[in-house]
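Participant: I'm passing along work37.cif; it holds mmCIF, C-alpha atoms and all ligand atoms.
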data_upload
loop_
_atom_site.label_atom_id
_atom_site.label_comp_id
_atom_site.auth_asym_id
_atom_site.auth_seq_id
_atom_site.Cartn_x
_atom_site.Cartn_y
_atom_site.Cartn_z
CA MET Y 1 -28.71 6.55 -0.93
CA ASN Y 2 -26.71 8.96 -3.07
CA ASP Y 3 -23.89 8.53 -5.53
CA ARG Y 4 -21.18 9.32 -3.01
CA ILE Y 5 -18.59 6.63 -2.28
CA TYR Y 6 -17.88 6.34 1.43
CA MET Y 7 -14.85 4.89 3.18
CA SER Y 8 -16.85 2.24 4.97
CA SER Y 9 -20.60 2.22 4.62
CA PRO Y 10 -22.88 -0.44 6.13
CA ASP Y 11 -23.14 -3.67 4.15
CA VAL Y 12 -26.71 -4.81 4.78
CA GLY Y 13 -29.27 -6.51 2.55
CA GLU Y 14 -32.20 -8.88 2.53
CA LEU Y 15 -30.81 -11.19 5.19
CA GLU Y 16 -30.52 -8.33 7.65
CA GLU Y 17 -33.92 -6.95 6.69
CA ARG Y 18 -35.56 -10.30 7.33
CA ALA Y 19 -33.80 -10.68 10.69
CA VAL Y 20 -35.03 -7.30 11.94
CA VAL Y 21 -38.59 -7.85 10.69
CA ASP Y 22 -38.69 -11.33 12.25
CA ALA Y 23 -37.49 -9.92 15.57
CA MET Y 24 -40.13 -7.22 15.41
CA ARG Y 25 -42.87 -9.72 14.58
CA SER Y 26 -41.76 -11.95 17.44
CA GLY Y 27 -42.92 -9.20 19.79
CA TRP Y 28 -39.50 -8.72 21.42
CA ILE Y 29 -39.32 -4.99 20.82
CA ALA Y 30 -38.86 -3.79 24.38
CA PRO Y 31 -35.19 -3.50 24.76
CA LEU Y 32 -33.89 -6.94 25.75
CA GLY Y 33 -34.94 -10.31 24.30
CA PRO Y 34 -33.78 -13.65 22.90
CA ASP Y 35 -31.75 -12.14 20.06
CA VAL Y 36 -29.63 -10.23 22.58
CA ASP Y 37 -28.88 -13.46 24.47
CA ALA Y 38 -28.10 -15.34 21.26
CA PHE Y 39 -25.98 -12.49 19.85
CA GLU Y 40 -23.92 -12.41 23.05
CA ARG Y 41 -23.35 -16.16 22.87
CA GLU Y 42 -22.48 -16.10 19.17
CA VAL Y 43 -19.98 -13.22 19.33
CA ALA Y 44 -18.36 -14.66 22.48
CA GLU Y 45 -18.08 -18.03 20.76
CA ARG Y 46 -16.62 -16.46 17.63
CA VAL Y 47 -13.78 -14.80 19.54
CA GLY Y 48 -13.38 -17.52 22.17
CA ALA Y 49 -14.49 -15.53 25.22
CA ALA Y 50 -16.66 -17.02 27.95
CA HIS Y 51 -19.05 -14.04 28.22
CA GLY Y 52 -20.43 -11.27 26.03
CA VAL Y 53 -22.45 -8.27 27.23
CA ALA Y 54 -24.24 -6.53 24.35
CA LEU Y 55 -24.23 -2.76 24.78
CA SER Y 56 -25.42 0.36 23.00
CA SER Y 57 -21.93 1.27 21.71
CA GLY Y 58 -18.27 0.40 21.91
CA THR Y 59 -17.78 3.59 23.92
CA ALA Y 60 -20.37 2.43 26.47
CA ALA Y 61 -18.61 -0.93 26.66
CA LEU Y 62 -15.24 0.73 27.37
CA HIS Y 63 -16.80 2.99 29.98
CA VAL Y 64 -18.74 0.31 31.82
CA ALA Y 65 -15.72 -2.02 31.91
CA LEU Y 66 -13.59 0.69 33.52
CA VAL Y 67 -16.35 1.62 36.00
CA SER Y 68 -16.94 -2.05 36.83
CA TRP Y 69 -13.29 -2.28 37.89
CA GLY Y 70 -13.64 0.84 40.02
CA VAL Y 71 -11.41 3.06 37.84
CA GLY Y 72 -11.92 6.69 38.80
CA PRO Y 73 -10.34 9.99 39.86
CA GLY Y 74 -6.71 9.63 40.90
CA ASP Y 75 -6.10 6.71 38.53
CA VAL Y 76 -3.92 6.93 35.43
CA VAL Y 77 -4.86 4.83 32.38
CA PRO Y 78 -2.15 4.39 29.72
CA THR Y 79 -3.73 4.12 26.28
CA SER Y 80 -2.81 4.39 22.60
CA THR Y 81 -2.39 7.89 21.27
CA MET Y 82 -3.19 6.56 17.79
CA THR Y 83 -6.91 6.00 18.17
CA PHE Y 84 -10.36 7.49 17.77
CA ALA Y 85 -11.42 9.86 20.56
CA ALA Y 86 -13.91 7.31 21.96
CA THR Y 87 -11.12 5.38 23.72
CA ALA Y 88 -9.78 8.44 25.54
CA ASN Y 89 -13.28 9.82 26.16
CA ALA Y 90 -14.35 6.65 27.96
CA ILE Y 91 -11.33 6.97 30.27
CA ALA Y 92 -12.12 10.64 30.87
CA TYR Y 93 -15.78 9.85 31.76
CA THR Y 94 -14.52 7.91 34.80
CA GLY Y 95 -12.48 10.88 36.07
CA ALA Y 96 -9.21 8.96 35.52
CA GLU Y 97 -6.36 10.51 33.54
CA PRO Y 98 -5.48 9.08 30.12
CA TYR Y 99 -1.72 8.81 29.48
CA PHE Y 100 -1.01 8.57 25.75
CA VAL Y 101 1.55 6.07 24.48
CA ASP Y 102 3.03 6.23 20.99
CA CYS Y 103 3.00 3.46 18.43
CA ASP Y 104 5.06 1.08 16.39
CA PRO Y 105 5.34 2.92 13.05
CA ARG Y 106 4.73 -0.29 11.09
CA THR Y 107 1.31 -0.95 12.60
CA GLY Y 108 0.19 2.19 14.43
CA ASN Y 109 -0.38 -0.01 17.48
CA MET Y 110 0.90 0.74 20.99
CA ASP Y 111 4.66 0.29 21.33
CA PRO Y 112 5.16 -2.25 24.15
CA ALA Y 113 8.59 -0.86 25.11
CA LEU Y 114 7.12 2.62 25.59
CA LEU Y 115 4.26 1.21 27.65
CA ASP Y 116 6.81 -0.48 29.85
CA GLU Y 117 8.57 2.85 30.40
CA VAL Y 118 5.28 4.58 31.24
CA LEU Y 119 4.24 1.88 33.73
CA ALA Y 120 7.70 1.98 35.36
CA GLU Y 121 7.49 5.77 35.61
CA LEU Y 122 4.02 5.61 37.20
CA SER Y 123 4.96 2.98 39.73
CA GLY Y 124 8.17 4.91 40.48
CA SER Y 125 6.13 8.01 41.32
CA GLY Y 126 3.65 5.98 43.37
CA GLU Y 127 0.73 6.57 41.00
CA ARG Y 128 -2.03 4.03 40.48
CA ALA Y 129 -2.30 2.63 36.94
CA PRO Y 130 -4.90 -0.12 37.37
CA VAL Y 131 -5.74 -0.63 33.68
CA VAL Y 132 -4.02 -0.29 30.30
CA VAL Y 133 -6.17 0.24 27.16
CA PRO Y 134 -4.33 -0.71 23.94
CA VAL Y 135 -6.19 -0.20 20.65
CA ASP Y 136 -6.18 -2.50 17.59
CA LEU Y 137 -5.70 0.10 14.86
CA LEU Y 138 -7.69 -0.26 11.63
CA GLY Y 139 -8.22 -3.98 12.21
CA LYS Y 140 -4.71 -5.12 13.14
CA ALA Y 141 -4.36 -6.69 16.59
CA VAL Y 142 -1.86 -5.21 19.03
CA ASP Y 143 1.17 -7.27 20.07
CA TYR Y 144 -0.76 -8.62 23.07
CA THR Y 145 2.02 -11.01 23.98
CA ALA Y 146 4.31 -8.08 24.86
CA ILE Y 147 1.60 -5.68 26.10
CA CYS Y 148 -0.01 -8.21 28.46
CA ASP Y 149 3.42 -9.24 29.76
CA SER Y 150 4.27 -5.62 30.58
CA ALA Y 151 0.87 -4.97 32.20
CA THR Y 152 1.07 -8.14 34.28
CA ARG Y 153 4.55 -7.26 35.55
CA HIS Y 154 3.20 -3.89 36.71
CA GLY Y 155 -0.02 -5.26 38.22
CA ALA Y 156 -2.30 -3.60 35.64
CA ARG Y 157 -5.29 -5.13 33.91
CA VAL Y 158 -5.61 -4.97 30.12
CA LEU Y 159 -8.81 -3.70 28.50
CA SER Y 160 -8.40 -4.36 24.79
CA ASP Y 161 -10.08 -1.80 22.54
CA ALA Y 162 -10.88 -4.16 19.67
CA ALA Y 163 -13.58 -1.83 18.30
CA GLU Y 164 -11.99 -1.99 14.86
CA SER Y 165 -10.61 -5.53 14.81
CA LEU Y 166 -13.38 -8.13 15.06
CA GLY Y 167 -12.22 -11.00 12.84
CA ALA Y 168 -8.48 -10.29 13.23
CA THR Y 169 -6.04 -12.55 15.08
CA HIS Y 170 -2.77 -12.34 17.00
CA ALA Y 171 -0.66 -15.45 17.65
CA GLY Y 172 -3.53 -17.65 16.49
CA ARG Y 173 -6.09 -16.11 18.86
CA ALA Y 174 -9.00 -13.89 17.92
CA ALA Y 175 -9.07 -10.16 18.56
CA GLY Y 176 -11.69 -9.58 21.23
CA SER Y 177 -10.29 -12.39 23.42
CA PHE Y 178 -7.18 -10.66 24.78
CA GLY Y 179 -6.42 -9.15 28.14
CA ASP Y 180 -8.85 -9.16 31.05
CA ALA Y 181 -11.63 -7.91 28.80
CA SER Y 182 -12.13 -6.63 25.26
CA VAL Y 183 -14.51 -4.27 23.58
CA VAL Y 184 -15.85 -4.48 20.03
CA SER Y 185 -17.96 -1.90 18.18
CA PHE Y 186 -20.85 -2.42 15.80
CA ASN Y 187 -21.06 1.21 14.71
CA GLY Y 188 -22.31 1.80 11.16
CA ASN Y 189 -18.81 2.15 9.72
CA LYS Y 190 -17.34 -0.99 11.32
CA ILE Y 191 -16.56 -4.40 9.84
CA MET Y 192 -20.10 -5.46 10.83
CA THR Y 193 -22.83 -3.28 12.22
CA THR Y 194 -25.93 -3.18 14.38
CA SER Y 195 -26.45 0.42 13.25
CA GLY Y 196 -25.01 1.39 16.64
CA GLY Y 197 -23.81 -1.04 19.27
CA GLY Y 198 -20.91 -2.73 20.96
CA MET Y 199 -20.01 -5.65 23.17
CA LEU Y 200 -17.87 -6.30 26.21
CA LEU Y 201 -16.16 -9.70 25.99
CA THR Y 202 -14.45 -11.42 28.90
CA ASP Y 203 -13.71 -14.73 30.60
CA ASP Y 204 -14.42 -13.07 33.95
CA ALA Y 205 -17.96 -13.99 35.06
CA ASP Y 206 -17.93 -11.36 37.83
CA LEU Y 207 -16.98 -8.57 35.43
CA ALA Y 208 -19.70 -9.65 32.96
CA ALA Y 209 -22.31 -9.72 35.72
CA ARG Y 210 -21.28 -6.34 37.09
CA ALA Y 211 -21.24 -4.74 33.62
CA ARG Y 212 -24.71 -6.19 32.92
CA TYR Y 213 -26.02 -4.80 36.21
CA LEU Y 214 -24.47 -1.33 35.82
CA SER Y 215 -25.66 -1.05 32.22
CA THR Y 216 -29.31 -1.69 33.19
CA GLN Y 217 -29.49 1.28 35.59
CA ALA Y 218 -27.96 -0.70 38.48
CA ARG Y 219 -31.32 -2.17 39.46
CA GLN Y 220 -31.36 -4.31 42.57
CA PRO Y 221 -33.11 -7.67 42.06
CA VAL Y 222 -36.35 -6.68 43.80
CA ALA Y 223 -39.82 -5.89 42.43
CA HIS Y 224 -39.82 -2.22 43.33
CA TYR Y 225 -37.06 -0.14 41.77
CA GLU Y 226 -34.24 -0.12 44.31
CA HIS Y 227 -30.84 1.42 43.54
CA THR Y 228 -27.73 1.53 45.68
CA GLU Y 229 -25.36 2.76 42.95
CA ILE Y 230 -25.43 5.00 39.91
CA GLY Y 231 -26.14 2.95 36.79
CA TYR Y 232 -26.35 3.49 33.03
CA ASN Y 233 -28.85 2.75 30.28
CA TYR Y 234 -26.31 1.01 28.05
CA ARG Y 235 -27.90 -2.24 26.81
CA LEU Y 236 -28.34 -3.13 23.14
CA SER Y 237 -31.92 -3.53 21.92
CA ASN Y 238 -33.27 -6.87 20.72
CA LEU Y 239 -34.00 -5.51 17.22
CA LEU Y 240 -30.41 -4.41 16.79
CA ALA Y 241 -29.10 -7.70 18.15
CA ALA Y 242 -31.13 -9.48 15.45
CA LEU Y 243 -29.41 -7.30 12.85
CA GLY Y 244 -26.07 -8.13 14.45
CA ARG Y 245 -26.69 -11.89 14.26
CA ALA Y 246 -27.37 -11.65 10.53
CA GLN Y 247 -24.21 -9.57 10.07
CA LEU Y 248 -22.11 -11.97 12.12
CA SER Y 249 -23.15 -14.83 9.83
CA ARG Y 250 -21.60 -12.82 6.96
CA LEU Y 251 -18.48 -11.58 8.77
CA ASP Y 252 -15.96 -13.73 6.91
CA GLU Y 253 -17.49 -12.92 3.54
CA MET Y 254 -17.33 -9.19 4.36
CA ILE Y 255 -13.69 -9.47 5.46
CA ALA Y 256 -12.88 -11.23 2.18
CA ARG Y 257 -14.43 -8.36 0.21
CA ARG Y 258 -12.42 -5.79 2.14
CA ARG Y 259 -9.30 -7.82 1.43
CA GLU Y 260 -10.05 -7.63 -2.29
CA MET Y 261 -10.24 -3.86 -1.96
CA ARG Y 262 -6.85 -3.79 -0.24
CA GLU Y 263 -5.35 -5.94 -2.99
CA LEU Y 264 -6.69 -3.48 -5.53
CA TYR Y 265 -4.81 -0.65 -3.79
CA VAL Y 266 -1.66 -2.77 -3.49
CA GLU Y 267 -1.75 -3.23 -7.26
CA LEU Y 268 -2.59 0.40 -7.99
CA PHE Y 269 0.30 1.77 -5.96
CA ALA Y 270 2.79 -1.05 -6.61
CA ASP Y 271 5.05 1.01 -8.86
CA VAL Y 272 4.46 4.41 -7.30
CA GLU Y 273 7.62 5.73 -5.67
CA GLY Y 274 7.17 7.08 -2.15
CA VAL Y 275 3.80 5.39 -1.54
CA GLU Y 276 3.12 2.24 0.45
CA VAL Y 277 -0.05 0.54 1.56
CA PHE Y 278 0.00 0.85 5.36
CA GLY Y 279 0.39 -2.19 7.59
CA ARG Y 280 1.06 -4.82 4.93
CA ASP Y 281 3.37 -6.68 7.27
CA GLY Y 282 1.30 -9.62 8.56
CA ASP Y 283 -1.92 -8.35 7.09
CA GLU Y 284 -3.16 -11.90 6.57
CA HIS Y 285 -4.00 -11.67 10.31
CA ASP Y 286 -5.94 -8.38 9.93
CA ASN Y 287 -9.62 -8.02 9.35
CA VAL Y 288 -8.48 -5.29 6.87
CA TRP Y 289 -11.18 -2.97 8.17
CA LEU Y 290 -9.72 0.12 6.53
CA THR Y 291 -6.91 0.49 4.02
CA SER Y 292 -4.65 3.51 4.19
CA VAL Y 293 -1.67 4.56 2.13
CA LEU Y 294 1.40 6.33 3.47
CA VAL Y 295 2.76 9.01 1.19
CA ASP Y 296 6.29 10.35 1.45
CA ARG Y 297 5.71 13.60 -0.44
CA THR Y 298 9.44 14.28 -0.81
CA VAL Y 299 9.60 11.20 -3.04
CA SER Y 300 6.12 11.08 -4.60
CA GLY Y 301 5.99 14.79 -5.38
CA TRP Y 302 2.38 15.00 -4.14
CA SER Y 303 0.71 15.02 -0.74
CA PRO Y 304 -2.06 12.87 0.76
CA SER Y 305 -4.32 15.93 0.89
CA GLU Y 306 -3.85 16.54 -2.86
CA LEU Y 307 -5.04 13.01 -3.60
CA SER Y 308 -7.88 13.47 -1.11
CA SER Y 309 -9.08 16.67 -2.84
CA TRP Y 310 -8.89 14.96 -6.23
CA LEU Y 311 -11.13 12.16 -4.93
CA ALA Y 312 -13.51 14.59 -3.18
CA GLU Y 313 -14.16 16.37 -6.50
CA VAL Y 314 -15.99 13.27 -7.71
CA GLN Y 315 -17.65 12.44 -4.39
CA ILE Y 316 -15.17 9.83 -3.19
CA GLU Y 317 -14.49 9.99 0.54
CA SER Y 318 -11.00 9.66 2.04
CA ARG Y 319 -9.53 10.87 5.33
CA PRO Y 320 -6.21 11.24 7.13
CA LEU Y 321 -5.34 8.52 9.63
CA TRP Y 322 -6.54 9.29 13.20
CA LYS Y 323 -5.12 12.49 14.57
CA PRO Y 324 -3.16 11.30 17.63
CA MET Y 325 -4.84 12.02 20.96
CA HIS Y 326 -1.81 13.86 22.36
CA LEU Y 327 -2.31 16.46 19.58
CA GLN Y 328 -6.02 16.95 20.33
CA PRO Y 329 -6.83 20.28 21.99
CA VAL Y 330 -9.23 18.59 24.41
CA PHE Y 331 -6.40 16.42 25.77
CA ALA Y 332 -3.74 19.14 25.72
CA GLY Y 333 -3.17 18.75 29.46
CA ALA Y 334 -2.70 14.98 29.38
CA ARG Y 335 0.66 13.29 29.66
CA SER Y 336 2.11 11.39 26.72
CA ARG Y 337 5.20 9.42 25.77
CA THR Y 338 5.86 9.97 22.10
CA THR Y 339 8.52 9.21 19.52
CA GLY Y 340 7.10 11.02 16.51
CA ALA Y 341 5.77 7.75 15.06
CA SER Y 342 2.05 8.59 15.33
CA GLU Y 343 2.65 12.16 14.16
CA ALA Y 344 4.37 10.82 11.03
CA LEU Y 345 1.46 8.45 10.35
CA PHE Y 346 -0.98 11.33 10.74
CA ASP Y 347 1.11 13.46 8.40
CA GLN Y 348 1.59 10.78 5.73
CA GLY Y 349 -1.53 8.63 5.95
CA LEU Y 350 -4.66 8.70 3.83
CA THR Y 351 -7.48 6.21 4.35
CA LEU Y 352 -9.30 5.18 1.18
CA PRO Y 353 -12.71 3.62 0.46
CA SER Y 354 -12.47 0.15 1.98
CA GLY Y 355 -16.01 -1.10 2.63
CA SER Y 356 -17.38 -4.51 1.75
CA ALA Y 357 -20.52 -2.93 0.27
CA LEU Y 358 -18.60 -1.29 -2.59
CA ASP Y 359 -19.88 -2.82 -5.81
CA ALA Y 360 -17.87 -3.45 -8.99
CA ASP Y 361 -18.86 -0.11 -10.47
CA GLN Y 362 -17.84 1.82 -7.35
CA ARG Y 363 -14.55 -0.05 -7.16
CA SER Y 364 -13.74 0.88 -10.74
CA ARG Y 365 -14.72 4.50 -10.13
CA VAL Y 366 -12.22 4.65 -7.26
CA GLN Y 367 -9.56 2.84 -9.26
CA ASP Y 368 -9.98 5.03 -12.37
CA ARG Y 369 -9.94 8.23 -10.36
CA ILE Y 370 -6.72 7.27 -8.55
CA ARG Y 371 -5.15 6.20 -11.86
CA SER Y 372 -5.99 9.55 -13.40
CA PHE Y 373 -4.41 11.33 -10.41
CA LEU Y 374 -1.24 9.26 -10.65
CA ASP Y 375 -1.06 9.84 -14.41
CA ALA Y 376 -1.37 13.59 -13.92
CA ALA Y 377 1.09 13.70 -10.99
C1 LIG Y 401 -10.71 2.53 18.33
C2 LIG Y 401 -12.15 2.79 18.64
N1 LIG Y 401 -12.55 2.72 19.92
C3 LIG Y 401 -13.83 2.91 20.26
C4 LIG Y 401 -14.79 3.20 19.32
C5 LIG Y 401 -16.17 3.48 19.78
O1 LIG Y 401 -17.13 2.64 19.30
P1 LIG Y 401 -18.63 3.17 19.15
O2 LIG Y 401 -18.69 4.10 17.99
O3 LIG Y 401 -19.41 1.91 18.96
O4 LIG Y 401 -18.98 3.86 20.43
C6 LIG Y 401 -14.41 3.29 17.96
C7 LIG Y 401 -15.34 3.56 16.86
O5 LIG Y 401 -16.22 4.29 16.77
C8 LIG Y 401 -13.06 3.10 17.63
O6 LIG Y 401 -12.66 3.19 16.35
#
In C-alpha cells, write the structure found in this file.

Facilitator:
Amino acid sequence: MNDRIYMSSPDVGELEERAVVDAMRSGWIAPLGPDVDAFEREVAERVGAAHGVALSSGTAALHVALVSWGVGPGDVVPTSTMTFAATANAIAYTGAEPYFVDCDPRTGNMDPALLDEVLAELSGSGERAPVVVPVDLLGKAVDYTAICDSATRHGARVLSDAAESLGATHAGRAAGSFGDASVVSFNGNKIMTTSGGGMLLTDDADLAARARYLSTQARQPVAHYEHTEIGYNYRLSNLLAALGRAQLSRLDEMIARRREMRELYVELFADVEGVEVFGRDGDEHDNVWLTSVLVDRTVSGWSPSELSSWLAEVQIESRPLWKPMHLQPVFAGARSRTTGASEALFDQGLTLPSGSALDADQRSRVQDRIRSFLDAA
C-alpha cells in the first residue's frame, strides 16, 4: 500500500488471511459452500433476523429484495435523498420511480413527518407506493419507530438500507433487523468487509427463499437447467464469506477503534467556533462508521473545502457528505420533498479519515495536520 491516508480502508490482517486460505484449501472455491451458510447464520444472529441471504453487494441485495416483492414500472418508492447513489439506482433498476425525501438535519436520516406527507400525497393521487427505503446514514439508524408506523398506516413495506450501519442500534434493536427486510453492505470501505458483498436480512422465510432463488439465476429445482423467470447471478462466493466471518468476529473491536477516532475529532474541534462533529446526539448507538464535521463558514472563517485541500496536500483523504439524490443530474426528473436540510449538510459537511485500520502514526498525522490548519486559520 502507499502512504496515503484514506477515509475508511479495509481493516484486515492475519486472521482474515488464514480464513481465506483455509476456505481455499477446503476445496469450496466454486461459488457457494459452508462458509456462505455459516456467514448467513452468524450475521442474521448478530442482528436478530431469522434469515440472511449472502449476496455479491449491498446494491444487489436492495435490487433483489425489491424484485422479490414485485416492485416494478408504475410503482413509486419513497427513499432518502441523503444517501449514496446505490440506493436510488437499485430502485431505478426495477423500473419503479424513486421519490426523494429530505432528512432530519441532526442525523441526515429520513424525516418521518415528510415521509408521511409523501405517502399521503401518493395515496391521494391513487399511486402505488408498495415499499419505502430509508437509509441509515453514516452508521446511525433511522427513527424506525416513526418510519415503520407511517409505512404501516399507508400499507407500504419497509426495506431498510442498513448498508452503512451494521453494529448500530435503535431503541435497543440492531440495525439490519428493522422493517420487512434490511440490507447490509460489506464493500471495502464499510465497517467490515468481504472485499465486495452484501446481505439481505429478514424474518420472512418466503422473501429469503425467493431472493435466494432469483439471485442464483432463477433455476428451477430440476437436473436440466429450467427457467421460468429472469434471474440474477448475485450470490456471494464461499471465499469471501470466509473473509466475512473473520471480520464479523472483530466487528465490535473495529467499532471501538472508529469511536476512538471520533473522540479524537471531538477533542480537536471542541473549542473551534462554527464547527461541530456531525450526529453527536445519541452517537453511543451508532457504529460510528464515518465521522464528519459541519462547518458554518460564516462563523469559522474557513470552508470545508479549504480544510479538505489542506489535507489533500499531504495525502489525507476527506470528502463532502453525500450529495443529495435530488441534486444529482441523473435523477433530475424524479420527484422530491425537501426542506433544505440535506442541501445544508452537503454544503457544510466534510467527512474525515475514520477507519479502524488507521494506526497511531496515521492518527497523529491527521491530528497534526488539522491542528496546523486551525492554527493558521
Ligand atoms: C447507503 C448505501 N446503500 C447501498 C450501498 C451499496 O452497497 P454495495 O457497495 O455493497 O453495493 C452503499 C455503499 O456502497 C451505501 O452506502

Participant: List all protein, DNA and RNA residues that have at least one atom no more than 6 Å from any atom of ligand LIG 401 (chain Y), counting only C-alpha atoms and all ligand atoms, and write them as a list of chain:residue names.

Facilitator: Y:Ser57, Y:Gly58, Y:Thr59, Y:Thr83, Y:Phe84, Y:Ala86, Y:Thr87, Y:Val135, Y:Asp161, Y:Ala163, Y:Glu164, Y:Ser185, Y:Phe186, Y:Asn187, Y:Gly197, Y:Gly198

Participant: Quick one: distance from CA of Ala44 in chain Y to CA of Ala175 in chain Y in Å, one decimal?

Facilitator: 11.0 Å

Participant: Closest to Ala85 in chain Y among Y:Pro10, Y:Glu263, Y:Glu40, Y:Pro324, using only C-alpha atoms?

Facilitator: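 The shortest atom-to-atom distance to Ala85 in chain Y comes from Y:Pro324.
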
Participant: Taking all atoms listed in the file into account, which of Y:Gly124, Y:Leu350, Y:Leu251, Y:Tyr99 comes nearest Phe331 in chain Y?

Facilitator: Y:Tyr99

Participant: Would you mind telling me which residue in Y:Ala113, Y:Leu268, Y:Thr298, Y:Asp102 lies nearest to Val366 in chain Y when using all atoms listed in the file?

Facilitator: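 Using all atoms listed in the file, Val366 in chain Y sits closest to Y:Leu268.
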
Participant: Between Y:Val288, Y:Leu248, Y:Gly108, Y:Gly33, which has the minimum distance to Phe346 in chain Y (counting all atoms listed in the file)?

Facilitator: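 Between Y:Val288, Y:Leu248, Y:Gly108, Y:Gly33, the residue approaching Phe346 in chain Y most closely is Y:Gly108.
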
Participant: Figure out the distance between CA of Leu345 in chain Y and CA of Trp322 in chain Y, please, to one decimal in Å.

Facilitator: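 So the two atoms, CA of Trp322 in chain Y and CA of Leu345 in chain Y, lie 8.5 Å apart.
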
Participant: Just checking: using all atoms listed in the file, which residue out of Y:Ser56, Y:Thr107, Y:Thr194, Y:Ser249 ends up closest to Leu321 in chain Y?

Facilitator: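 For Leu321 in chain Y, the nearest of the candidates is Y:Thr107.
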
Participant: Hey, what's within 10 Å of Leu358 in chain Y if we count only C-alpha atoms and toss same-chain stuff fewer than 3 positions away? As a list in words, please?

Facilitator: Ile5, Tyr6, Met7, Ser8, Ser9, Pro10, Asp11, Arg257, Arg258, Met261, Pro353, Ser354, Gly355, Asp361, Gln362, Arg363, Ser364 and Val366 of chain Y

Participant: Separation of CA of Val53 in chain Y and CA of Lys140 in chain Y, in Å?

Facilitator: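 Taking CA of Val53 in chain Y as the start and CA of Lys140 in chain Y as the end point, the length is 22.9 Å.
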
Participant: For Ala23 in chain Y, which residue among Y:Gly274, Y:Gly74, Y:Gly349, Y:Gly244 is the nearest when counting all atoms listed in the file?

Facilitator: Y:Gly244

Participant: Residues proximal to (-1.3, 3.2, 25.7) were defined as those with any atom within 6 Å of that point in the file's coordinates, counting all atoms listed in the file. Which are they, as a list in words?

Facilitator: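 Residues found, by chain and rising number: Pro78, Thr79, Ser80, Phe100, Val101, Met110, Val133 and Pro134 of chain Y.
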
Participant: Near Phe278 in chain Y, counting only C-alpha atoms, which residues have an atom at most 7 Å away, once you skip same-chain residues fewer than 3 positions from it, shown as a list in words?

Facilitator: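 Here the answer would be Ser292, Val293 and Leu294 of chain Y.
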
Participant: Please provide as an MDAnalysis selection string all residues within 12 Å of Asp283 in chain Y, with the sequence filter that same-chain residues fewer than 6 positions apart are discarded (counting only C-alpha atoms).

Facilitator: chainID Y and resid 106:107 138:141 165 168:170 255 258:259 262:263 266 277 289:291

Participant: Compile the contact shell of range 228-235 of chain Y as a ChimeraX atom specification: residues with an atom at most 7 Å away, counting all atoms listed in the file, same-chain residues fewer than 2 positions apart removed.

Facilitator: /Y:54-56,60,214-218,226,237

Participant: Using only C-alpha atoms, which protein or nucleic acid residues come within 12 Å of Leu307 in chain Y? Drop anything in the same chain fewer than 6 positions from it, and give the result as a PyMOL selection string.

Facilitator: chain Y and resi 275+293-295+297+300-301+313-314+316-320+348-352+366+369-377

Participant: Return as JSON the box centre and box size in Å, one decimal, for an axis-aligned box around all listed atoms of range 361-372 of chain Y padded by 8 Å per side.

Facilitator:
{"center_x": -12.0, "center_y": 4.7, "center_z": -10.3, "size_x": 29.7, "size_y": 25.7, "size_z": 22.2}

Participant: Taking (-29.0, -10.5, 12.1) in the coordinates of the supplied file, I want to know which residues reach to within 9 Å of it, counting all atoms listed in the file; could you give the answer as JSON, numbers by chain?

Facilitator: {"Y": [15, 16, 17, 18, 19, 20, 35, 39, 194, 239, 240, 241, 242, 243, 244, 245, 246, 247, 248, 249]}

Participant: Kindly export the residues of the current selection with C-alpha atoms, as a PDB file, keeping the file's coordinate frame.

Facilitator:
ATOM      1  CA  LEU Y  15     -30.810 -11.190   5.190  1.00  0.00           C
ATOM      2  CA  GLU Y  16     -30.520  -8.330   7.650  1.00  0.00           C
ATOM      3  CA  GLU Y  17     -33.920  -6.950   6.690  1.00  0.00           C
ATOM      4  CA  ARG Y  18     -35.560 -10.300   7.330  1.00  0.00           C
ATOM      5  CA  ALA Y  19     -33.800 -10.680  10.690  1.00  0.00           C
ATOM      6  CA  VAL Y  20     -35.030  -7.300  11.940  1.00  0.00           C
ATOM      7  CA  ASP Y  35     -31.750 -12.140  20.060  1.00  0.00           C
ATOM      8  CA  PHE Y  39     -25.980 -12.490  19.850  1.00  0.00           C
ATOM      9  CA  THR Y 194     -25.930  -3.180  14.380  1.00  0.00           C
ATOM     10  CA  LEU Y 239     -34.000  -5.510  17.220  1.00  0.00           C
ATOM     11  CA  LEU Y 240     -30.410  -4.410  16.790  1.00  0.00           C
ATOM     12  CA  ALA Y 241     -29.100  -7.700  18.150  1.00  0.00           C
ATOM     13  CA  ALA Y 242     -31.130  -9.480  15.450  1.00  0.00           C
ATOM     14  CA  LEU Y 243     -29.410  -7.300  12.850  1.00  0.00           C
ATOM     15  CA  GLY Y 244     -26.070  -8.130  14.450  1.00  0.00           C
ATOM     16  CA  ARG Y 245     -26.690 -11.890  14.260  1.00  0.00           C
ATOM     17  CA  ALA Y 246     -27.370 -11.650  10.530  1.00  0.00           C
ATOM     18  CA  GLN Y 247     -24.210  -9.570  10.070  1.00  0.00           C
ATOM     19  CA  LEU Y 248     -22.110 -11.970  12.120  1.00  0.00           C
ATOM     20  CA  SER Y 249     -23.150 -14.830   9.830  1.00  0.00           C
TER      21      SER Y 249
END
